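Encoded as structure tokens, the structure appears first; notes follow it.
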Amino acid sequence: MKRTLVLSATLAGLVACSSPYRTPVVDATPATLPTFAGVAKLLKPERALDVLLVHGMCTQDESWARESVAQLVEGLGGDVAQVALSATPVGDTGIVLYRQSLALAGGSVNINAILWSPLTRPLKTGLCYDQSNKSGVCSADPAAVPYPYERASLNRALKDKLLDDCLADAVIYQGKARESINQRMQTAILQAVGGGNGAALVPGGGEVPSEPVPLVLITDSLGSKLTFDALFRLASTPQQAAALQVFDRTPLIFMRANQLPLLRLAEMDLDGSMAPRGPGDFPADPIQALIERSRMQGIGKPTGVPTVVAFTDPNDVLSYTLVKSSFAARATYPIIDVVVSNAPTYLGLLELPDRAHTGYAGNPTVRRMIACGEPAAEGCGN
């Protein structure tokens with residue numbers, strides 16, 4: 001009886017700690033900057049604000065764009081019923097741009113969402129045979145045969161979703177298809193926000209407005225790497241001025257499920273060197289490289305660097321905090337980690353891995369902090 005009571009008390013204690021970061025923990029470098037502005041603070045009645053959203057790994061479709069924009073609008077106190085995105089193919093790249101201009105209480109906002117998922121869909125169908133429960137690209141593949149071998153339920157969920165559908169995107173991007181994906185992302189970014197005034201810039205123009213509007217970037221997992229790799233490479237093309245202007249007018253970067261400390265390993269030599277050695281190389285930290293290139297070209301102000309806010313669930317096996325990493329040790333821009341819980345931890349043993357990685361957009365704490373900052377701007381979201 002005594003043993004049963006002790007076990008029950010232990011289990012009750014574990015369950016009570018099921019969401020350790022329901023109240024987020026904020027860390028920063030420099031340590032004197034633990035607070036940050038939200039999108040609402042940048043809204044002004046006299047001019048527009050640009051917002052660019054880029055999804056991460058895992059198969060996505062139009063619903064991602066609709067839900068992401070609706071969540072942002074709701075966080076800013078707007079009417080979700082107003083969300084009616086227009087879909088525009090980005091040339092023949094395979095990327096689709098979803099966009100809308102909305103009038104909110106604090107000012108107007110031009111929202112652009114880049115859906116790049118169609119680029120990797122054909123390659124990921126090669127793994128459909130391995131999925132026990134066909135999902136993502138495999139659910140619509142009539143040729144996908146049933147997986148004949150028994151898997152434990154948790155292992156099945158990990159393999160079907162996180163590996164075959166999600167991690168596969170990172171493998172594809174780090175391989176032979178990287179240059180092609182990068183070039184297409186360059187075109188998509190220019191079409192979305194390259195004009196600097198809320199209007200699209202047709203690639204090949206490169207016009208830079210005299211008074212560009214601010215731009216907020218909201219990127220998920222692999223999408224952070226795709227976005228800043230594309231801007232870095234674009235800054236070496238005839239559209240250099242437009243690329244650096246896009247970066248220079250970005251005071252806030254929100255990263256959810258950040259993977260830069262992991263992905264940077266692909267850019268490093270065995271001796272730990274990070275700098276690109278030739279025109280075909282990518283920097284280990286594309287944000288830092290863009291800051292240096294912007295200053296070298298005389299476009300960016302010496303103090304005009306973006307603040308990076310990284311949201312991380314410690315139980316998200318595909319996400320990394322930044323502040324205490326060697327990645328942050330060489331950065332000259334402020335970095336703020338926000339540690340959150342996206343889903344409950346069962347018995348102190350497990351948080352469902354798929355929810356841990358894909359739950360940031362639906363996490364009300366993350367949505368509030370992106371919209372309202374930390375501490376929250378007065379009246380934000382009301």
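Labeling convention for the structure tokens: chains A, B, ... as they appear, residues from 1 per chain, ligands from 1 in order of appearance.
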
Please list as a ChimeraX atom specification every residue within 6 Å of stretch 38-46 of chain A, counting only C-alpha atoms and excluding residues in the same chain fewer than 4 positions away.
/A:106-107,370-373

I need the residues of stretch 114-307 of chain A that end up classed as alpha helix (DSSP H) by DSSP on the backbone, written out as an NGL selection string.
:A and (121-124 or 153-157 or 168-173 or 178-193 or 222-234 or 240-248 or 260-263 or 286-296)

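Near stretch 313-316 of chain A, within 7 Å and counting only C-alpha atoms, sit A:Val339, A:Val340, A:Ser341, A:Asn342, A:Glu351, A:Pro353, A:Ala356, A:His357; same-chain residues fewer than 4 positions away were not included.
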
Please, could you write that set of residues out with C-alpha atoms as an mmCIF file, in the first residue's frame?
```cif
data_model
loop_
_atom_site.group_PDB
_atom_site.id
_atom_site.type_symbol
_atom_site.label_atom_id
_atom_site.label_comp_id
_atom_site.auth_asym_id
_atom_site.auth_seq_id
_atom_site.Cartn_x
_atom_site.Cartn_y
_atom_site.Cartn_z
ATOM 1 C CA VAL A 339 11.986 28.936 -24.536
ATOM 2 C CA VAL A 340 8.394 27.644 -24.715
ATOM 3 C CA SER A 341 6.362 24.436 -24.425
ATOM 4 C CA ASN A 342 4.294 23.632 -27.515
ATOM 5 C CA GLU A 351 6.331 15.385 -25.601
ATOM 6 C CA PRO A 353 7.819 15.029 -31.345
ATOM 7 C CA ALA A 356 6.884 19.833 -30.428
ATOM 8 C CA HIS A 357 8.282 20.786 -33.845
#
```

With a distance cut-off of 10 Å and only C-alpha atoms, select the neighbouring residues of stretch 57-68 of chain A, excluding the residue or stretch itself and same-chain residues fewer than 6 positions from it, and output the selection as a PDB file with C-alpha atoms, in the first residue's frame.
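Once everything was written out, this is part33.pdb:
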```pdb
ATOM      1  CA  GLU A  74      -5.681  37.805 -34.784  1.00  0.00           C
ATOM      2  CA  VAL A  80      -9.685  37.176 -39.147  1.00  0.00           C
ATOM      3  CA  VAL A  83      -8.115  37.449 -44.477  1.00  0.00           C
ATOM      4  CA  ALA A  84      -8.502  36.649 -48.177  1.00  0.00           C
ATOM      5  CA  LEU A  85      -5.115  35.883 -49.692  1.00  0.00           C
ATOM      6  CA  ALA A  87      -2.156  33.340 -54.841  1.00  0.00           C
ATOM      7  CA  VAL A  96       3.641  30.253 -54.842  1.00  0.00           C
ATOM      8  CA  LEU A  97       3.329  33.652 -53.195  1.00  0.00           C
ATOM      9  CA  TYR A  98       0.287  34.368 -51.031  1.00  0.00           C
ATOM     10  CA  ARG A  99      -0.286  38.027 -50.214  1.00  0.00           C
ATOM     11  CA  ASN A 112       3.519  38.019 -48.031  1.00  0.00           C
ATOM     12  CA  ALA A 113       3.835  34.270 -47.461  1.00  0.00           C
ATOM     13  CA  ILE A 114       6.249  32.191 -49.542  1.00  0.00           C
ATOM     14  CA  LEU A 115       5.183  28.578 -50.141  1.00  0.00           C
ATOM     15  CA  TRP A 116       8.290  26.740 -51.365  1.00  0.00           C
ATOM     16  CA  SER A 117       7.125  23.230 -50.404  1.00  0.00           C
ATOM     17  CA  PRO A 118       6.191  22.265 -53.998  1.00  0.00           C
ATOM     18  CA  LEU A 119       9.903  22.277 -54.878  1.00  0.00           C
ATOM     19  CA  THR A 120      10.743  19.208 -52.791  1.00  0.00           C
ATOM     20  CA  ARG A 121       7.485  17.279 -53.139  1.00  0.00           C
ATOM     21  CA  LYS A 124      10.081  13.114 -51.254  1.00  0.00           C
ATOM     22  CA  SER A 135       0.838  11.477 -45.070  1.00  0.00           C
ATOM     23  CA  GLY A 136       1.874  14.684 -46.775  1.00  0.00           C
ATOM     24  CA  VAL A 137       2.987  14.083 -50.348  1.00  0.00           C
ATOM     25  CA  CYS A 138       2.401  10.344 -49.959  1.00  0.00           C
ATOM     26  CA  LYS A 161       6.416  12.518 -40.345  1.00  0.00           C
ATOM     27  CA  LEU A 162       9.652  13.856 -38.900  1.00  0.00           C
ATOM     28  CA  LEU A 163      12.052  11.865 -41.064  1.00  0.00           C
ATOM     29  CA  ASP A 164      10.327  10.927 -44.320  1.00  0.00           C
ATOM     30  CA  ASP A 165       8.399  14.189 -44.709  1.00  0.00           C
ATOM     31  CA  CYS A 166      10.287  16.809 -42.670  1.00  0.00           C
ATOM     32  CA  LEU A 167      13.985  16.025 -42.288  1.00  0.00           C
ATOM     33  CA  ALA A 168      13.992  14.976 -45.935  1.00  0.00           C
ATOM     34  CA  ASP A 169      13.603  18.659 -46.853  1.00  0.00           C
ATOM     35  CA  ALA A 170      16.824  19.574 -45.032  1.00  0.00           C
ATOM     36  CA  TYR A 173      18.441  21.472 -49.501  1.00  0.00           C
ATOM     37  CA  ILE A 218       8.855  35.369 -39.640  1.00  0.00           C
ATOM     38  CA  ASP A 220      10.169  28.541 -39.519  1.00  0.00           C
ATOM     39  CA  SER A 221      12.914  25.921 -39.113  1.00  0.00           C
ATOM     40  CA  LEU A 222      14.609  25.318 -42.496  1.00  0.00           C
ATOM     41  CA  GLY A 223      12.870  28.414 -43.887  1.00  0.00           C
ATOM     42  CA  HIS A 357       8.282  20.786 -33.845  1.00  0.00           C
ATOM     43  CA  THR A 358       5.181  21.994 -35.638  1.00  0.00           C
ATOM     44  CA  ALA A 361       2.434  28.780 -34.975  1.00  0.00           C
ATOM     45  CA  GLY A 362      -0.489  27.491 -32.916  1.00  0.00           C
ATOM     46  CA  ARG A 367       1.682  34.297 -31.357  1.00  0.00           C
TER      47      ARG A 367
END
```

Using DSSP on the backbone coordinates, identify the residues of stretch 61-233 of chain A assigned to strand (DSSP E or B); present them as a list in words.
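So the strand (DSSP E or B) residues in stretch 61-233 of chain A would be Ser86, Ala87, Thr88, Pro89, Val96, Leu97, Tyr98, Arg99, Gln100, Ser101, Leu102, Ala103, Leu104, Gly107, Ser108, Val109, Asn110, Ile111, Asn112, Ala113, Ile114, Leu115, Leu215, Val216, Leu217, Ile218, Thr219 and Asp220 of chain A.
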
Keeping N, CA and C atoms, export the residues of the selection given above as a PDB file, in the first residue's frame.
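Writing done, so here's result-v7.pdb:
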```pdb
ATOM      1  N   SER A  86      -4.446  36.342 -51.956  1.00  0.00           N
ATOM      2  CA  SER A  86      -4.359  36.074 -53.389  1.00  0.00           C
ATOM      3  C   SER A  86      -3.124  35.226 -53.645  1.00  0.00           C
ATOM      4  N   ALA A  87      -3.256  34.246 -54.514  1.00  0.00           N
ATOM      5  CA  ALA A  87      -2.156  33.340 -54.841  1.00  0.00           C
ATOM      6  C   ALA A  87      -1.537  33.751 -56.165  1.00  0.00           C
ATOM      7  N   THR A  88      -0.219  33.929 -56.142  1.00  0.00           N
ATOM      8  CA  THR A  88       0.503  34.325 -57.351  1.00  0.00           C
ATOM      9  C   THR A  88       1.682  33.395 -57.581  1.00  0.00           C
ATOM     10  N   PRO A  89       1.709  32.637 -58.663  1.00  0.00           N
ATOM     11  CA  PRO A  89       2.894  31.820 -58.965  1.00  0.00           C
ATOM     12  C   PRO A  89       4.105  32.723 -59.188  1.00  0.00           C
ATOM     13  N   VAL A  96       4.873  29.466 -54.807  1.00  0.00           N
ATOM     14  CA  VAL A  96       3.641  30.253 -54.842  1.00  0.00           C
ATOM     15  C   VAL A  96       3.705  31.315 -53.757  1.00  0.00           C
ATOM     16  N   LEU A  97       3.324  32.530 -54.128  1.00  0.00           N
ATOM     17  CA  LEU A  97       3.329  33.652 -53.195  1.00  0.00           C
ATOM     18  C   LEU A  97       1.887  33.984 -52.827  1.00  0.00           C
ATOM     19  N   TYR A  98       1.600  33.978 -51.537  1.00  0.00           N
ATOM     20  CA  TYR A  98       0.287  34.368 -51.031  1.00  0.00           C
ATOM     21  C   TYR A  98       0.430  35.721 -50.361  1.00  0.00           C
ATOM     22  N   ARG A  99      -0.468  36.669 -50.708  1.00  0.00           N
ATOM     23  CA  ARG A  99      -0.286  38.027 -50.214  1.00  0.00           C
ATOM     24  C   ARG A  99      -1.615  38.735 -50.020  1.00  0.00           C
ATOM     25  N   GLN A 100      -1.555  39.741 -49.157  1.00  0.00           N
ATOM     26  CA  GLN A 100      -2.714  40.587 -48.913  1.00  0.00           C
ATOM     27  C   GLN A 100      -2.278  41.831 -48.157  1.00  0.00           C
ATOM     28  N   SER A 101      -2.902  42.953 -48.464  1.00  0.00           N
ATOM     29  CA  SER A 101      -2.719  44.189 -47.706  1.00  0.00           C
ATOM     30  C   SER A 101      -3.945  44.383 -46.829  1.00  0.00           C
ATOM     31  N   LEU A 102      -3.706  44.627 -45.531  1.00  0.00           N
ATOM     32  CA  LEU A 102      -4.794  44.755 -44.580  1.00  0.00           C
ATOM     33  C   LEU A 102      -4.661  46.047 -43.788  1.00  0.00           C
ATOM     34  N   ALA A 103      -5.776  46.682 -43.514  1.00  0.00           N
ATOM     35  CA  ALA A 103      -5.805  47.872 -42.671  1.00  0.00           C
ATOM     36  C   ALA A 103      -6.142  47.437 -41.250  1.00  0.00           C
ATOM     37  N   LEU A 104      -5.197  47.652 -40.328  1.00  0.00           N
ATOM     38  CA  LEU A 104      -5.409  47.313 -38.931  1.00  0.00           C
ATOM     39  C   LEU A 104      -5.503  48.588 -38.105  1.00  0.00           C
ATOM     40  N   GLY A 107      -2.272  50.635 -38.211  1.00  0.00           N
ATOM     41  CA  GLY A 107      -1.732  50.980 -39.523  1.00  0.00           C
ATOM     42  C   GLY A 107      -1.924  49.829 -40.488  1.00  0.00           C
ATOM     43  N   SER A 108      -1.540  50.038 -41.726  1.00  0.00           N
ATOM     44  CA  SER A 108      -1.723  48.993 -42.736  1.00  0.00           C
ATOM     45  C   SER A 108      -0.507  48.076 -42.787  1.00  0.00           C
ATOM     46  N   VAL A 109      -0.754  46.833 -43.150  1.00  0.00           N
ATOM     47  CA  VAL A 109       0.318  45.848 -43.226  1.00  0.00           C
ATOM     48  C   VAL A 109       0.181  45.065 -44.525  1.00  0.00           C
ATOM     49  N   ASN A 110       1.307  44.893 -45.204  1.00  0.00           N
ATOM     50  CA  ASN A 110       1.385  44.095 -46.430  1.00  0.00           C
ATOM     51  C   ASN A 110       1.996  42.747 -46.066  1.00  0.00           C
ATOM     52  N   ILE A 111       1.189  41.707 -46.122  1.00  0.00           N
ATOM     53  CA  ILE A 111       1.646  40.384 -45.700  1.00  0.00           C
ATOM     54  C   ILE A 111       1.931  39.531 -46.925  1.00  0.00           C
ATOM     55  N   ASN A 112       3.107  38.923 -46.955  1.00  0.00           N
ATOM     56  CA  ASN A 112       3.519  38.019 -48.031  1.00  0.00           C
ATOM     57  C   ASN A 112       3.954  36.698 -47.413  1.00  0.00           C
ATOM     58  N   ALA A 113       3.469  35.595 -47.950  1.00  0.00           N
ATOM     59  CA  ALA A 113       3.835  34.270 -47.461  1.00  0.00           C
ATOM     60  C   ALA A 113       4.368  33.441 -48.624  1.00  0.00           C
ATOM     61  N   ILE A 114       5.597  32.962 -48.484  1.00  0.00           N
ATOM     62  CA  ILE A 114       6.249  32.191 -49.542  1.00  0.00           C
ATOM     63  C   ILE A 114       6.057  30.695 -49.290  1.00  0.00           C
ATOM     64  N   LEU A 115       5.368  30.020 -50.215  1.00  0.00           N
ATOM     65  CA  LEU A 115       5.183  28.578 -50.141  1.00  0.00           C
ATOM     66  C   LEU A 115       6.174  27.908 -51.096  1.00  0.00           C
ATOM     67  N   LEU A 215      10.420  46.038 -42.578  1.00  0.00           N
ATOM     68  CA  LEU A 215      10.060  44.670 -42.939  1.00  0.00           C
ATOM     69  C   LEU A 215      10.306  43.764 -41.741  1.00  0.00           C
ATOM     70  N   VAL A 216       9.336  42.935 -41.415  1.00  0.00           N
ATOM     71  CA  VAL A 216       9.481  41.923 -40.367  1.00  0.00           C
ATOM     72  C   VAL A 216       9.491  40.552 -41.025  1.00  0.00           C
ATOM     73  N   LEU A 217      10.481  39.736 -40.673  1.00  0.00           N
ATOM     74  CA  LEU A 217      10.583  38.380 -41.203  1.00  0.00           C
ATOM     75  C   LEU A 217      10.146  37.392 -40.134  1.00  0.00           C
ATOM     76  N   ILE A 218       9.284  36.448 -40.521  1.00  0.00           N
ATOM     77  CA  ILE A 218       8.855  35.369 -39.640  1.00  0.00           C
ATOM     78  C   ILE A 218       9.136  34.070 -40.377  1.00  0.00           C
ATOM     79  N   THR A 219      10.144  33.340 -39.918  1.00  0.00           N
ATOM     80  CA  THR A 219      10.579  32.145 -40.630  1.00  0.00           C
ATOM     81  C   THR A 219      10.541  30.937 -39.707  1.00  0.00           C
ATOM     82  N   ASP A 220      10.252  29.784 -40.286  1.00  0.00           N
ATOM     83  CA  ASP A 220      10.169  28.541 -39.519  1.00  0.00           C
ATOM     84  C   ASP A 220      11.271  27.578 -39.936  1.00  0.00           C
TER      85      ASP A 220
END
```

Counting only C-alpha atoms, which residue out of A:Asn182, A:Gln174, A:Gln131, A:Thr93 sits closest to A:Glu267?
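Result for the nearest residue to A:Glu267: A:Gln174.
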
Measure the distance from atom CA of A:Val90 to atom CA of A:Ser180 in Å and round it to one decimal.
14.1 Å

Which residue, A:Arg47, A:Lys324, A:Gln191, A:Ala257, has the smallest gap to A:Pro212 when you use only C-alpha atoms?
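Using only C-alpha atoms, A:Pro212 sits closest to A:Arg47.
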
Could you tell me which of A:Pro34, A:Pro122, A:Pro24, A:Gly359 comes closest to A:Val338 if we count only C-alpha atoms?
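For A:Val338, the nearest of the candidates is A:Pro24.
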
Hey, what's within 7 Å of A:Ser19 if we count only C-alpha atoms and toss same-chain stuff fewer than 3 positions away? As JSON, numbers by chain, please?
{"A": [22, 341, 343, 344, 345]}

Neighbours of A:Pro214 within 10 Å (only C-alpha atoms; same-chain residues fewer than 4 positions away dropped), as an NGL selection string?
:A and (42-43 or 47-51 or 196-198 or 246-252)

Filtering to N, CA and C atoms, could you give me those residues as a PDB file, in the first residue's frame?
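The resulting result-v9.pdb:
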```pdb
ATOM      1  N   LEU A  42       5.637  48.360 -34.649  1.00  0.00           N
ATOM      2  CA  LEU A  42       6.124  48.909 -35.912  1.00  0.00           C
ATOM      3  C   LEU A  42       5.004  49.435 -36.801  1.00  0.00           C
ATOM      4  N   LEU A  43       3.764  49.166 -36.420  1.00  0.00           N
ATOM      5  CA  LEU A  43       2.637  49.690 -37.199  1.00  0.00           C
ATOM      6  C   LEU A  43       2.517  51.201 -36.994  1.00  0.00           C
ATOM      7  N   ARG A  47       2.391  55.117 -42.643  1.00  0.00           N
ATOM      8  CA  ARG A  47       3.043  54.306 -43.670  1.00  0.00           C
ATOM      9  C   ARG A  47       2.747  52.826 -43.405  1.00  0.00           C
ATOM     10  N   ALA A  48       3.004  52.028 -44.420  1.00  0.00           N
ATOM     11  CA  ALA A  48       2.712  50.599 -44.326  1.00  0.00           C
ATOM     12  C   ALA A  48       3.865  49.859 -43.641  1.00  0.00           C
ATOM     13  N   LEU A  49       3.602  48.623 -43.306  1.00  0.00           N
ATOM     14  CA  LEU A  49       4.609  47.707 -42.775  1.00  0.00           C
ATOM     15  C   LEU A  49       4.568  46.440 -43.607  1.00  0.00           C
ATOM     16  N   ASP A  50       5.725  45.934 -44.012  1.00  0.00           N
ATOM     17  CA  ASP A  50       5.807  44.676 -44.745  1.00  0.00           C
ATOM     18  C   ASP A  50       6.098  43.531 -43.782  1.00  0.00           C
ATOM     19  N   VAL A  51       5.439  42.399 -43.987  1.00  0.00           N
ATOM     20  CA  VAL A  51       5.714  41.171 -43.234  1.00  0.00           C
ATOM     21  C   VAL A  51       5.910  40.047 -44.234  1.00  0.00           C
ATOM     22  N   GLY A 196      10.551  47.306 -51.604  1.00  0.00           N
ATOM     23  CA  GLY A 196      10.815  48.148 -50.454  1.00  0.00           C
ATOM     24  C   GLY A 196       9.702  49.103 -50.100  1.00  0.00           C
ATOM     25  N   ASN A 197       8.587  49.057 -50.809  1.00  0.00           N
ATOM     26  CA  ASN A 197       7.492  49.980 -50.514  1.00  0.00           C
ATOM     27  C   ASN A 197       6.152  49.257 -50.521  1.00  0.00           C
ATOM     28  N   GLY A 198       6.203  47.944 -50.254  1.00  0.00           N
ATOM     29  CA  GLY A 198       4.985  47.161 -50.235  1.00  0.00           C
ATOM     30  C   GLY A 198       4.598  46.619 -51.591  1.00  0.00           C
ATOM     31  N   VAL A 246      16.499  45.097 -48.746  1.00  0.00           N
ATOM     32  CA  VAL A 246      15.554  44.212 -48.073  1.00  0.00           C
ATOM     33  C   VAL A 246      16.061  43.890 -46.678  1.00  0.00           C
ATOM     34  N   PHE A 247      17.323  43.550 -46.584  1.00  0.00           N
ATOM     35  CA  PHE A 247      17.895  43.181 -45.288  1.00  0.00           C
ATOM     36  C   PHE A 247      18.004  44.390 -44.366  1.00  0.00           C
ATOM     37  N   ASP A 248      18.406  45.515 -44.913  1.00  0.00           N
ATOM     38  CA  ASP A 248      18.655  46.691 -44.078  1.00  0.00           C
ATOM     39  C   ASP A 248      17.376  47.265 -43.489  1.00  0.00           C
ATOM     40  N   ARG A 249      16.252  47.036 -44.147  1.00  0.00           N
ATOM     41  CA  ARG A 249      15.003  47.574 -43.602  1.00  0.00           C
ATOM     42  C   ARG A 249      14.291  46.557 -42.720  1.00  0.00           C
ATOM     43  N   THR A 250      15.017  45.544 -42.253  1.00  0.00           N
ATOM     44  CA  THR A 250      14.459  44.488 -41.407  1.00  0.00           C
ATOM     45  C   THR A 250      14.942  44.652 -39.969  1.00  0.00           C
ATOM     46  N   PRO A 251      14.165  45.298 -39.104  1.00  0.00           N
ATOM     47  CA  PRO A 251      14.598  45.458 -37.710  1.00  0.00           C
ATOM     48  C   PRO A 251      14.330  44.232 -36.855  1.00  0.00           C
ATOM     49  N   LEU A 252      13.386  43.380 -37.276  1.00  0.00           N
ATOM     50  CA  LEU A 252      12.979  42.237 -36.458  1.00  0.00           C
ATOM     51  C   LEU A 252      12.929  40.964 -37.284  1.00  0.00           C
TER      52      LEU A 252
END
```

With distances taken over only C-alpha atoms, which residue among A:Ile335, A:Leu260, A:Leu127, A:Ala376 lies nearest A:Ser319?
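With only C-alpha atoms as the atom set, the closest residue is A:Leu260.
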
Of the listed residues A:Phe327, A:Glu378, A:Val171, A:Ala243, that which approaches A:Gly272 most closely, counting only C-alpha atoms:
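Looking only at the distances to A:Gly272, the closest residue turns out to be A:Phe327.
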